[in-house]
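Participant: Shown below is the structure under consideration.
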Amino acid sequence: MSVAEVERPQDADVVLAQKSAAGDTAAFEELYRRHFRRVYALCLRMTSDPVQAEDLTQDVFIQLFNKIGSFRGESAFTTWLHRMTVNQVLMHFRKRSTKSELTKGDDETPEQIVKGTENPNAMPVIDRIALEKAIQQLPPGYRTVFILHDVEGYEHEEIARMMGVAEGTSKSQLHKARLKLRTFIRQQAALN
Amino acid sequence: MANKKTLDCAESLLQLSEYRDKALDENYYALVKEHLEKCPPCMVIYKDIDLIVMSAPVITNEDGIAFPDENVIWQRMRITKLTIN
């Protein structure tokens with residue numbers, strides 16, 4: 001079956017993956033072009049760094065090229081590629097630092113809220129720019145867990161497994177990430 | 001935890017994410033809920049966290065991302081991985 005004959009995009013992905021695995025580089029290039037933006041955007045969300053995101057996107061597709069034969073179609077191709085991308089970024093984080101950046105900041109205690117010092121006003125509507133700016137300020141470990149859980153929808157158990165940390169660490173980092181984001185967003189709103 | 005009757009602000013604050021995600025056991029969930037209902041400052045924090053979580057998917061929107069040139073990256077891969085072509 002050719003790509004032109006399939007109706008659903010996910011079926012086209014399967015056909016292209018099979019052709020790629022059989023050595024059809026044109027099919028692989030089409031897969032690349034279909035998924036390039038999604039992979040880059042995910043790398044950018046996880047790193048908050050366009051240069052790293054670009055390098056990682058390249059690494060993901062090289063990895064994809066080498067592993068395409070192991071795609072069995074048991075999950076959607078996009079799910080499989082998404083997981084491969086997340087793993088590639090996590091591996092990059094692990095390689096980059098001797099002290100794991102994935103747990104960096106974990107010994108911090110959540111900020112204590114002193115009664116009467118809180119701004120009782122509701123937080124303003126959070127737009128994408130404000131949220132992205134706040135996420136960029138998070139320590140890498142906090143950012144990773146926040147993105148994986150609250151943006152990409154992974155469960156703590158999966159995150160813990162992928163990051164090589166305890167499930168409790170994932171939960172704790174998520175909570176601290178949310179509190180820090182809240183602080184950053186409120187600080188930003190106060191300046192505007 | 002089972003014998004606890006009430007939570008103070010510090011204890012409540014530690015649990016707000018799991019409370020929001022409905023990941024607490026029933027008894028502890030009720031304790032946090034009770035604290036929030038009578039503590040406006042903690043309720044403000046809870047609502048902020050909820051808003052952040054509700055807003056999080058907005059960053060998956062690809063509008064406004066300055067994507068690099070996919071042709072350049074494709075070419076680079078062909079150079080570094082000769083097996084591709």
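Scheme for the structure tokens: letters A, B, ... for chains in order shown; per-chain residue numbers from 1; ligand numbers from 1 in order shown.
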Specify as a list in words all residues of chain A found within 6 Å of chain B, counting only C-alpha atoms.
Facilitator: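 My answer is Arg128, Val151 and His175 of chain A.
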Participant: Can you tell me, as a PyMOL selection string, what residues are no more than 9 Å from Thr78 in chain A when counting only C-alpha atoms, ignoring any on the same chain fewer than 3 positions away?
Facilitator: chain A and resi 10+13+35+75+81-83
Participant: For each of A:Ile147, A:Glu157, A:Ala122, A:Met163, take the minimum atom-to-atom distance to Gln88 in chain A, counting only C-alpha atoms, then give the residue where this is smallest.
Facilitator: A:Met163
Participant: Taking into account only C-alpha atoms, which residue in the set B:Lys38, B:Lys5, B:Asp63, B:Val32 is nearest to Tyr19 in chain B?
Facilitator: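 Between B:Lys38, B:Lys5, B:Asp63, B:Val32, the residue approaching Tyr19 in chain B most closely is B:Val32.
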Participant: Grab the CA of Glu158 in chain A to CA of Arg33 in chain A distance for me, in Å with one decimal place.
Facilitator: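 CA of Arg33 in chain A lies 28.7 Å from CA of Glu158 in chain A.
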Participant: Which residues are near Phe146 in chain A? Cut-off 9 Å, only C-alpha atoms, ignore same chain within fewer than 5 positions. Put them as a PyMOL selection string.
Facilitator: (chain A and resi 135+141+151-152+173-175+177-178) or (chain B and resi 56)
Participant: Based on the selection just made, write N, CA and C atoms of those residues as a PDB file, in the first residue's frame.
Facilitator:
```pdb
ATOM      1  N   ILE A 135       8.425  29.097  32.950  1.00  0.00           N
ATOM      2  CA  ILE A 135       8.993  27.743  32.840  1.00  0.00           C
ATOM      3  C   ILE A 135      10.498  27.801  32.589  1.00  0.00           C
ATOM      4  N   GLY A 141      15.279  20.029  36.484  1.00  0.00           N
ATOM      5  CA  GLY A 141      14.499  18.900  36.991  1.00  0.00           C
ATOM      6  C   GLY A 141      13.037  19.259  37.195  1.00  0.00           C
ATOM      7  N   VAL A 151       1.944  19.042  31.053  1.00  0.00           N
ATOM      8  CA  VAL A 151       1.786  19.398  29.643  1.00  0.00           C
ATOM      9  C   VAL A 151       1.612  18.144  28.777  1.00  0.00           C
ATOM     10  N   GLU A 152       2.482  17.160  28.992  1.00  0.00           N
ATOM     11  CA  GLU A 152       2.447  15.983  28.117  1.00  0.00           C
ATOM     12  C   GLU A 152       1.560  14.867  28.657  1.00  0.00           C
ATOM     13  N   GLN A 173       8.843  17.178  43.064  1.00  0.00           N
ATOM     14  CA  GLN A 173       9.357  18.170  42.125  1.00  0.00           C
ATOM     15  C   GLN A 173       8.227  18.874  41.383  1.00  0.00           C
ATOM     16  N   LEU A 174       7.178  18.132  41.105  1.00  0.00           N
ATOM     17  CA  LEU A 174       6.040  18.749  40.421  1.00  0.00           C
ATOM     18  C   LEU A 174       5.422  19.832  41.307  1.00  0.00           C
ATOM     19  N   HIS A 175       5.268  19.502  42.570  1.00  0.00           N
ATOM     20  CA  HIS A 175       4.657  20.466  43.489  1.00  0.00           C
ATOM     21  C   HIS A 175       5.519  21.730  43.617  1.00  0.00           C
ATOM     22  N   ALA A 177       7.683  22.764  41.461  1.00  0.00           N
ATOM     23  CA  ALA A 177       7.650  23.467  40.165  1.00  0.00           C
ATOM     24  C   ALA A 177       6.420  24.364  40.081  1.00  0.00           C
ATOM     25  N   ARG A 178       5.279  23.827  40.483  1.00  0.00           N
ATOM     26  CA  ARG A 178       4.054  24.622  40.402  1.00  0.00           C
ATOM     27  C   ARG A 178       4.132  25.837  41.329  1.00  0.00           C
TER      28      ARG A 178
ATOM     29  N   ALA B  56      -1.481  24.950  31.567  1.00  0.00           N
ATOM     30  CA  ALA B  56      -0.252  24.316  31.065  1.00  0.00           C
ATOM     31  C   ALA B  56      -0.328  23.882  29.595  1.00  0.00           C
TER      32      ALA B  56
END
```
Participant: Using only C-alpha atoms for the distances, tell me which of A:Val51, A:Leu181, A:Val125, A:Ile68 is nearest to Gln18 in chain A.
Facilitator: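 Residue with the minimum atom-to-atom distance to Gln18 in chain A: A:Ile68.
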